[in-house]
>>> print(open('run33.csv').read())   # CSV, C-alpha atoms
chain,number,residue,atom,x,y,z
A,26,MET,CA,13.8,8.1,31.2
A,27,THR,CA,12.6,10.4,28.5
A,28,THR,CA,9.6,12.6,27.9
A,29,GLU,CA,8.3,13.1,24.4
A,30,GLY,CA,11.7,12.0,23.1
A,31,LYS,CA,13.7,14.5,25.1
A,32,GLU,CA,16.4,13.5,27.7
A,33,SER,CA,15.7,14.0,31.3
A,34,PRO,CA,17.7,16.7,33.1
A,35,GLU,CA,19.8,14.0,34.8
A,36,ALA,CA,20.7,12.2,31.5
A,37,GLY,CA,23.4,12.8,28.9
A,38,VAL,CA,25.9,15.6,28.7
A,39,GLN,CA,23.4,18.1,30.2
A,40,GLY,CA,23.1,15.8,33.2
A,41,GLU,CA,26.8,15.4,33.6
A,42,VAL,CA,27.4,19.2,33.7
A,43,SER,CA,24.4,20.0,35.9
A,44,GLN,CA,24.3,17.0,38.2
A,45,ASP,CA,27.9,15.8,38.5
A,46,ARG,CA,29.6,19.2,38.9
A,47,PHE,CA,28.9,19.8,42.6
A,48,VAL,CA,29.5,17.5,45.5
A,49,ALA,CA,28.6,18.8,49.0
A,50,GLY,CA,28.7,22.3,47.7
A,51,GLN,CA,32.2,21.9,46.2
A,52,ASP,CA,32.5,22.7,42.5
A,53,LEU,CA,34.6,20.0,40.9
A,54,THR,CA,35.4,22.2,37.9
A,55,ARG,CA,37.2,24.9,39.9
A,56,TRP,CA,40.9,24.3,40.3
A,57,LYS,CA,42.6,26.3,43.1
A,58,SER,CA,46.2,25.2,42.5
A,59,PRO,CA,48.3,26.4,39.6
A,60,VAL,CA,48.9,22.8,38.6
A,61,GLY,CA,45.2,22.1,38.5
A,62,ARG,CA,44.6,25.2,36.3
A,63,LEU,CA,47.4,24.1,34.0
A,64,LEU,CA,45.8,20.7,33.7
A,65,ALA,CA,42.4,22.1,33.0
A,66,GLY,CA,43.8,24.4,30.3
A,67,GLY,CA,45.6,21.5,28.6
A,68,ALA,CA,42.5,19.3,28.7
A,69,GLU,CA,40.5,22.1,27.1
A,70,TRP,CA,43.1,22.5,24.3
A,71,ILE,CA,43.1,18.7,23.7
A,72,THR,CA,39.3,18.6,23.5
A,73,ARG,CA,39.2,21.4,20.9
A,74,LEU,CA,41.6,19.3,18.7
A,75,LEU,CA,40.3,15.8,19.3
A,76,GLY,CA,36.8,15.8,20.7
A,77,PRO,CA,35.0,15.8,24.0
A,78,TYR,CA,36.2,12.5,25.4
A,79,ALA,CA,39.8,12.9,24.1
A,80,ALA,CA,41.1,14.7,27.2
A,81,LEU,CA,39.5,12.1,29.5
A,82,VAL,CA,41.0,9.2,27.6
A,83,ILE,CA,44.5,10.8,27.3
A,84,THR,CA,44.5,11.8,31.0
A,85,LEU,CA,43.7,8.2,31.9
A,86,VAL,CA,46.4,6.8,29.7
A,87,VAL,CA,49.0,9.2,31.1
A,88,GLY,CA,47.6,8.5,34.6
A,89,LEU,CA,48.1,4.8,34.2
A,90,GLY,CA,51.8,5.4,33.4
A,91,VAL,CA,52.0,7.6,36.5
A,92,ALA,CA,50.2,4.9,38.6
A,93,MET,CA,52.7,2.2,37.3
A,94,ALA,CA,55.6,4.5,38.3
A,95,LEU,CA,54.1,5.0,41.7
A,96,ALA,CA,53.6,1.2,42.1
A,97,LEU,CA,57.2,0.6,41.2
A,98,ALA,CA,58.4,3.2,43.7
A,99,PHE,CA,56.1,1.8,46.3
A,100,GLY,CA,57.5,-1.6,45.6
A,101,GLU,CA,61.0,-0.4,46.2
A,102,VAL,CA,60.1,1.2,49.5
A,103,TYR,CA,58.1,-2.0,50.4
A,104,GLU,CA,61.2,-4.2,49.8
A,105,SER,CA,63.3,-1.9,51.9
A,106,VAL,CA,60.8,-2.1,54.7
A,107,THR,CA,60.5,-5.8,54.4
A,108,GLU,CA,64.2,-6.3,54.6
A,109,ALA,CA,64.4,-4.1,57.6
A,110,ASP,CA,61.6,-6.1,59.2
A,111,GLY,CA,59.5,-2.9,59.7
A,112,VAL,CA,55.8,-3.1,58.8
A,113,ALA,CA,56.6,-6.6,57.6
A,114,GLY,CA,57.1,-7.6,61.2
A,115,LEU,CA,53.3,-7.7,61.4
A,116,ASP,CA,52.9,-10.3,58.8
A,117,ASP,CA,53.6,-13.4,60.9
A,118,PRO,CA,51.7,-12.3,64.0
A,119,VAL,CA,48.6,-11.3,61.9
A,120,LEU,CA,48.6,-14.6,60.0
A,121,ALA,CA,48.9,-16.5,63.3
A,122,ALA,CA,46.0,-14.5,64.7
A,123,ALA,CA,43.9,-15.3,61.6
A,124,LYS,CA,44.7,-19.0,62.0
A,125,SER,CA,43.6,-18.9,65.6
A,126,VAL,CA,40.0,-17.8,64.8
A,127,ARG,CA,39.4,-20.2,61.9
A,128,SER,CA,36.6,-22.7,61.8
A,129,PRO,CA,35.2,-25.0,59.1
A,130,ALA,CA,32.0,-22.8,58.7
A,131,LEU,CA,33.9,-19.5,58.7
A,132,ASP,CA,36.4,-20.9,56.2
A,133,VAL,CA,33.6,-21.7,53.8
A,134,ALA,CA,31.9,-18.3,54.3
A,135,VAL,CA,35.1,-16.3,53.8
A,136,THR,CA,36.1,-18.4,50.8
A,137,ALA,CA,32.7,-17.7,49.2
A,138,TYR,CA,33.1,-14.0,50.0
A,139,THR,CA,36.6,-13.6,48.6
A,140,ASN,CA,35.4,-15.2,45.4
A,141,ILE,CA,33.3,-12.1,44.8
A,142,GLY,CA,36.5,-10.1,44.4
A,143,GLY,CA,38.1,-12.7,42.1
A,144,THR,CA,38.6,-12.9,38.4
A,145,VAL,CA,35.0,-14.0,37.8
A,146,GLY,CA,32.9,-12.4,40.5
A,147,MET,CA,34.4,-8.8,40.3
A,148,PRO,CA,34.1,-8.4,36.5
A,149,ILE,CA,30.5,-9.6,36.5
A,150,ILE,CA,29.5,-7.1,39.3
A,151,ALA,CA,31.5,-4.3,37.7
A,152,VAL,CA,30.0,-4.8,34.2
A,153,GLY,CA,26.5,-5.0,35.6
A,154,ILE,CA,26.9,-1.7,37.6
A,155,MET,CA,28.6,-0.1,34.6
A,156,ILE,CA,25.7,-0.9,32.2
A,157,PHE,CA,23.1,0.2,34.7
A,158,LEU,CA,24.8,3.6,35.2
A,159,ALA,CA,25.5,4.1,31.5
A,160,VAL,CA,21.8,3.5,30.6
A,161,ARG,CA,20.5,5.5,33.5
A,162,ARG,CA,22.7,8.5,32.6
A,163,ARG,CA,22.5,8.0,28.8
A,164,SER,CA,26.3,8.6,28.9
A,165,TRP,CA,29.5,6.8,28.0
A,166,THR,CA,31.3,8.4,31.0
A,167,PRO,CA,30.5,5.5,33.5
A,168,VAL,CA,31.7,3.0,30.9
A,169,ILE,CA,35.0,4.9,30.3
A,170,LEU,CA,35.7,5.5,34.0
A,171,MET,CA,34.9,2.0,35.2
A,172,LEU,CA,36.8,0.3,32.3
A,173,ALA,CA,39.7,2.6,32.9
A,174,ALA,CA,39.7,2.0,36.7
A,175,GLY,CA,39.3,-1.8,36.4
A,176,LEU,CA,41.7,-2.4,33.5
A,177,GLY,CA,44.2,-0.1,35.1
A,178,SER,CA,44.2,-1.9,38.4
A,179,LEU,CA,44.4,-5.2,36.6
A,180,ALA,CA,47.4,-4.0,34.6
A,181,ILE,CA,49.2,-2.9,37.8
A,182,THR,CA,48.5,-6.2,39.4
A,183,VAL,CA,49.6,-8.3,36.4
A,184,LEU,CA,52.7,-6.3,35.8
A,185,GLY,CA,53.6,-5.9,39.5
A,186,LYS,CA,53.5,-9.5,40.6
A,187,PRO,CA,56.4,-10.8,38.3
A,188,ILE,CA,58.5,-7.7,39.0
A,189,PHE,CA,58.6,-8.3,42.7
A,190,GLY,CA,57.9,-12.0,42.9
A,191,ARG,CA,57.2,-12.2,46.6
A,192,SER,CA,56.2,-15.7,47.8
A,193,ARG,CA,52.8,-16.2,49.4
A,194,PRO,CA,52.5,-17.7,52.9
A,195,ASP,CA,53.2,-21.4,53.1
A,196,MET,CA,50.4,-23.7,51.8
A,197,ALA,CA,50.4,-25.3,55.2
A,198,ASP,CA,49.1,-22.0,56.6
A,199,ALA,CA,46.6,-21.4,53.8
A,200,ILE,CA,43.0,-22.6,53.1
A,201,PRO,CA,42.4,-24.2,49.7
A,202,PRO,CA,41.9,-23.6,46.9
A,203,TYR,CA,45.6,-22.6,46.8
A,204,GLU,CA,47.0,-19.8,44.6
A,205,HIS,CA,50.4,-19.9,43.0
A,206,SER,CA,51.0,-16.5,41.5
A,207,ALA,CA,53.3,-14.0,43.3
A,208,SER,CA,51.9,-12.4,46.5
A,209,PHE,CA,52.7,-8.7,46.0
A,210,PRO,CA,50.5,-6.8,45.5
A,211,SER,CA,47.1,-8.5,46.4
A,212,GLY,CA,45.0,-8.4,43.3
A,213,HIS,CA,41.7,-8.9,45.2
A,214,SER,CA,42.6,-6.0,47.5
A,215,LEU,CA,43.7,-3.6,44.7
A,216,ASN,CA,40.8,-4.4,42.4
A,217,SER,CA,38.1,-4.3,45.0
A,218,ILE,CA,39.2,-0.9,46.4
A,219,VAL,CA,39.4,0.6,42.9
A,220,ILE,CA,36.1,-0.8,41.7
A,221,ALA,CA,34.2,0.0,44.9
A,222,GLY,CA,35.8,3.4,45.0
A,223,ILE,CA,34.8,4.4,41.4
A,224,VAL,CA,31.3,3.1,41.9
A,225,ALA,CA,30.9,5.0,45.1
A,226,TYR,CA,32.3,8.2,43.3
A,227,LEU,CA,29.8,7.9,40.4
A,228,ILE,CA,26.9,7.3,42.9
A,229,ILE,CA,27.9,10.2,45.2
A,230,LEU,CA,27.9,12.6,42.2
A,231,ARG,CA,24.1,12.2,42.1
A,232,LEU,CA,23.3,12.0,45.8
A,233,LYS,CA,21.7,15.1,47.4
A,234,THR,CA,22.2,14.5,51.1
A,235,MET,CA,25.3,14.1,53.3
A,236,ARG,CA,23.8,11.1,55.0
A,237,ALA,CA,23.5,9.2,51.7
A,238,ARG,CA,27.1,10.1,50.8
A,239,VAL,CA,28.4,8.9,54.1
A,240,ILE,CA,26.5,5.6,53.8
A,241,THR,CA,27.8,5.1,50.3
A,242,VAL,CA,31.4,5.7,51.3
A,243,ALA,CA,31.0,3.5,54.4
A,244,VAL,CA,29.6,0.6,52.3
A,245,ALA,CA,32.3,0.9,49.7
A,246,SER,CA,35.0,1.1,52.3
A,247,ALA,CA,33.7,-1.9,54.2
A,248,PHE,CA,33.7,-4.0,51.1
A,249,ALA,CA,37.2,-3.1,50.2
A,250,ILE,CA,38.6,-3.5,53.7
A,251,THR,CA,36.9,-6.9,54.4
A,252,MET,CA,37.9,-8.1,50.9
A,253,GLY,CA,41.5,-7.4,51.7
A,254,LEU,CA,41.3,-8.9,55.2
A,255,SER,CA,39.7,-12.0,53.8
A,256,ARG,CA,42.9,-12.6,51.8
A,257,VAL,CA,44.9,-12.6,55.1
A,258,TYR,CA,42.5,-14.8,56.9
A,259,LEU,CA,42.7,-17.4,54.2
A,260,GLY,CA,46.5,-17.3,54.2
A,261,HIS,CA,46.6,-16.3,50.5
A,262,HIS,CA,48.4,-13.0,51.2
A,263,TRP,CA,50.6,-11.3,53.8
A,264,LEU,CA,49.1,-8.3,55.5
A,265,THR,CA,51.7,-6.0,53.8
A,266,ASP,CA,50.6,-7.3,50.4
A,267,VAL,CA,47.1,-6.0,51.3
A,268,LEU,CA,48.3,-2.7,52.7
A,269,ALA,CA,50.4,-2.1,49.6
A,270,ALA,CA,47.5,-2.9,47.3
A,271,TRP,CA,45.2,-0.4,49.2
A,272,ALA,CA,47.8,2.3,48.9
A,273,ILE,CA,48.4,1.7,45.2
A,274,GLY,CA,44.6,1.4,44.5
A,275,ILE,CA,43.9,4.7,46.2
A,276,SER,CA,46.5,6.4,44.1
A,277,TRP,CA,45.1,5.0,40.9
A,278,LEU,CA,41.6,5.9,42.0
A,279,ALA,CA,42.6,9.5,42.6
A,280,LEU,CA,44.1,9.7,39.1
A,281,VAL,CA,40.9,8.4,37.5
A,282,ILE,CA,38.8,10.9,39.5
A,283,THR,CA,41.1,13.7,38.5
A,284,ALA,CA,40.6,12.7,34.9
A,285,HIS,CA,36.9,12.9,35.3
A,286,ARG,CA,37.1,16.3,36.9
A,287,LEU,CA,39.1,17.6,33.9
A,288,TYR,CA,36.4,16.2,31.6
A,289,LEU,CA,33.7,18.0,33.7
A,290,THR,CA,35.7,21.2,33.6
A,291,VAL,CA,36.0,21.1,29.8
A,292,ARG,CA,32.3,20.3,29.4
A,293,THR,CA,31.3,23.1,31.7
A,294,ARG,CA,33.5,25.7,29.9
A,295,ARG,CA,32.2,24.6,26.5
A,296,GLN,CA,28.6,24.9,27.7
A,297,HIS,CA,29.2,28.4,29.1
A,298,ALA,CA,30.9,29.4,25.9
A,299,VAL,CA,27.8,28.3,23.8
A,300,ILE,CA,25.4,30.1,26.2
A,301,SER,CA,27.4,33.3,26.1
>>> encode(input="run33.csv", output="C-alpha cells")
Amino acid sequence: MTTEGKESPEAGVQGEVSQDRFVAGQDLTRWKSPVGRLLAGGAEWITRLLGPYAALVITLVVGLGVAMALALAFGEVYESVTEADGVAGLDDPVLAAAKSVRSPALDVAVTAYTNIGGTVGMPIIAVGIMIFLAVRRRSWTPVILMLAAGLGSLAITVLGKPIFGRSRPDMADAIPPYEHSASFPSGHSLNSIVIAGIVAYLIILRLKTMRARVITVAVASAFAITMGLSRVYLGHHWLTDVLAAWAIGISWLALVITAHRLYLTVRTRRQHAVIS
C-alpha cells in the first residue's frame, strides 16, 4: 500500500532493512563467528562491484553446489547404512504398518493430499505465495528466495535420483497411480520441506509475536512432515527416502536463509554508510 505515491515503511528496500533484520530480538545482520564475518565482508565487496542483488544470487549459486555435494555425501552414507541394514531396517516394518491402516476412503484422501506436493500442485501454491509476498513487500527478494529454494530442491531431486537409482517399494504394496522414477530421495518430501520452510521464514520476518512465529513454524512443519509420511503410506517411497529428503532439504534451506542474511547485512551496512 502507498500514501501519496510513497512506499509504506514495510515495503521495498527500506522495509527489508527495518522489518526483516530482527527476529525475536536477534539481529540477522550480526555475525558472531569469524566465518560469518568473512562471508559478510565478501558479500559487501561483491555488491560494490556488481550491484545489490549480486551477492544474494552468487551465494545461492555457490550454495546450490554445496547442497549438491552434501546430497552426494549423504547418499554415500545412506547406501552404507542401507547395506548394513541400519536405519533401513525400519523400511519394511513401517510400510507394513502403513498397509495395516489403509482403507478405501483414507487412500483417496491421502492421494489427494499428496498431489498438493506434486509437480502441479506445489508450483501453483509456491508461485501464488511468491507473487503475493513480492507485491505486498514491493521487493524482488521473495521472488529470488522462493525461486532459488524451489529450483534448487528440484535440481537436487532430479540429479539425485539417477545417481543412486534406488527401487521403490513393489507395486503390489503401493496405491495407484504408480510412479516409476527412482525412489531416493523423495521429491515430494524434499520440495515440501524447502517450500514450506522458506515461506515460513519470509512470514516470520514480519511477525511481531512469539505466538505467531510458533504457529507459523508448527503449520509449516506439519505440512512437510505429513507430506513425507503420505509418501510412505501410499507405498511410493521407503521411510529412509523421506528421512534423507528431509535432511537434504533442511541443509539447502539453511543455505538459502544464509544467503538472505548476507543480503540483509549488505543492505544494512550500505544504509548506515549513506546516513553517516
>>> closest_atom_pairs(input="run33.csv", of="range 209-271 of chain A", to="range 92-100 of chain A", cutoff="10 Å", atoms="all atoms listed in the file", output="Markdown table")
| residue | atom | partner | partner_atom | distance |
| --- | --- | --- | --- | --- |
| A:Phe209 | CA | A:Gly100 | CA | 8.6 |
| A:Pro210 | CA | A:Gly100 | CA | 8.7 |
| A:Ala269 | CA | A:Phe99 | CA | 7.7 |
| A:Ala270 | CA | A:Ala96 | CA | 9.0 |
>>> residues_near_point(input="run33.csv", point="(45.7, -12.9, 64.0)", cutoff="12 Å", atoms="only C-alpha atoms", output="list of chain:residue names")
A:Leu115, A:Asp116, A:Asp117, A:Pro118, A:Val119, A:Leu120, A:Ala121, A:Ala122, A:Ala123, A:Lys124, A:Ser125, A:Val126, A:Arg127, A:Leu254, A:Ser255, A:Val257, A:Tyr258, A:Leu259, A:Gly260, A:Trp263, A:Leu264
>>> atom_distance(input="run33.csv", atom1="CA of Arg236 in chain A", atom2="CA of Leu53 in chain A")
19.9 Å
>>> atom_distance(input="run33.csv", atom1="CA of Met196 in chain A", atom2="CA of Asp132 in chain A")
14.9 Å
>>> atom_distance(input="run33.csv", atom1="CA of Leu215 in chain A", atom2="CA of Gln44 in chain A")
29.0 Å
>>> residues_near_point(input="run33.csv", point="(28.0, 0.6, 34.6)", cutoff="10 Å", atoms="only C-alpha atoms", output="PyMOL selection string")
chain A and resi 150-162+164-172+224+227
>>> closest_residue(input="run33.csv", among="A:Thr234, A:Thr144, A:Thr139, A:Asp195", to="Thr251 in chain A", atoms="only C-alpha atoms")
A:Thr139
>>> residues_around(input="run33.csv", residues="Ile220 in chain A", least_positions_apart="5", cutoff="12 Å", atoms="only C-alpha atoms", output="JSON, numbers by chain")
{"A": [142, 147, 148, 149, 150, 151, 152, 154, 155, 167, 170, 171, 172, 173, 174, 175, 176, 177, 178, 179, 212, 213, 214, 215, 225, 226, 227, 245, 246, 248, 249, 252, 271, 274, 275, 277, 278, 281]}
>>> closest_residue(input="run33.csv", among="A:Thr182, A:Thr290, A:Glu69, A:Ala134", to="Ile200 in chain A", atoms="only C-alpha atoms")
A:Ala134
>>> closest_residue(input="run33.csv", among="A:Val291, A:Val91, A:Val239, A:Val60", to="Arg73 in chain A", atoms="all atoms listed in the file")
A:Val291
>>> closest_residue(input="run33.csv", among="A:Val183, A:Arg256, A:Arg55, A:Ala284", to="Val135 in chain A", atoms="only C-alpha atoms")
A:Arg256
>>> closest_residue(input="run33.csv", among="A:His261, A:Val48, A:Val267, A:Leu280", to="Ala197 in chain A", atoms="only C-alpha atoms")
A:His261
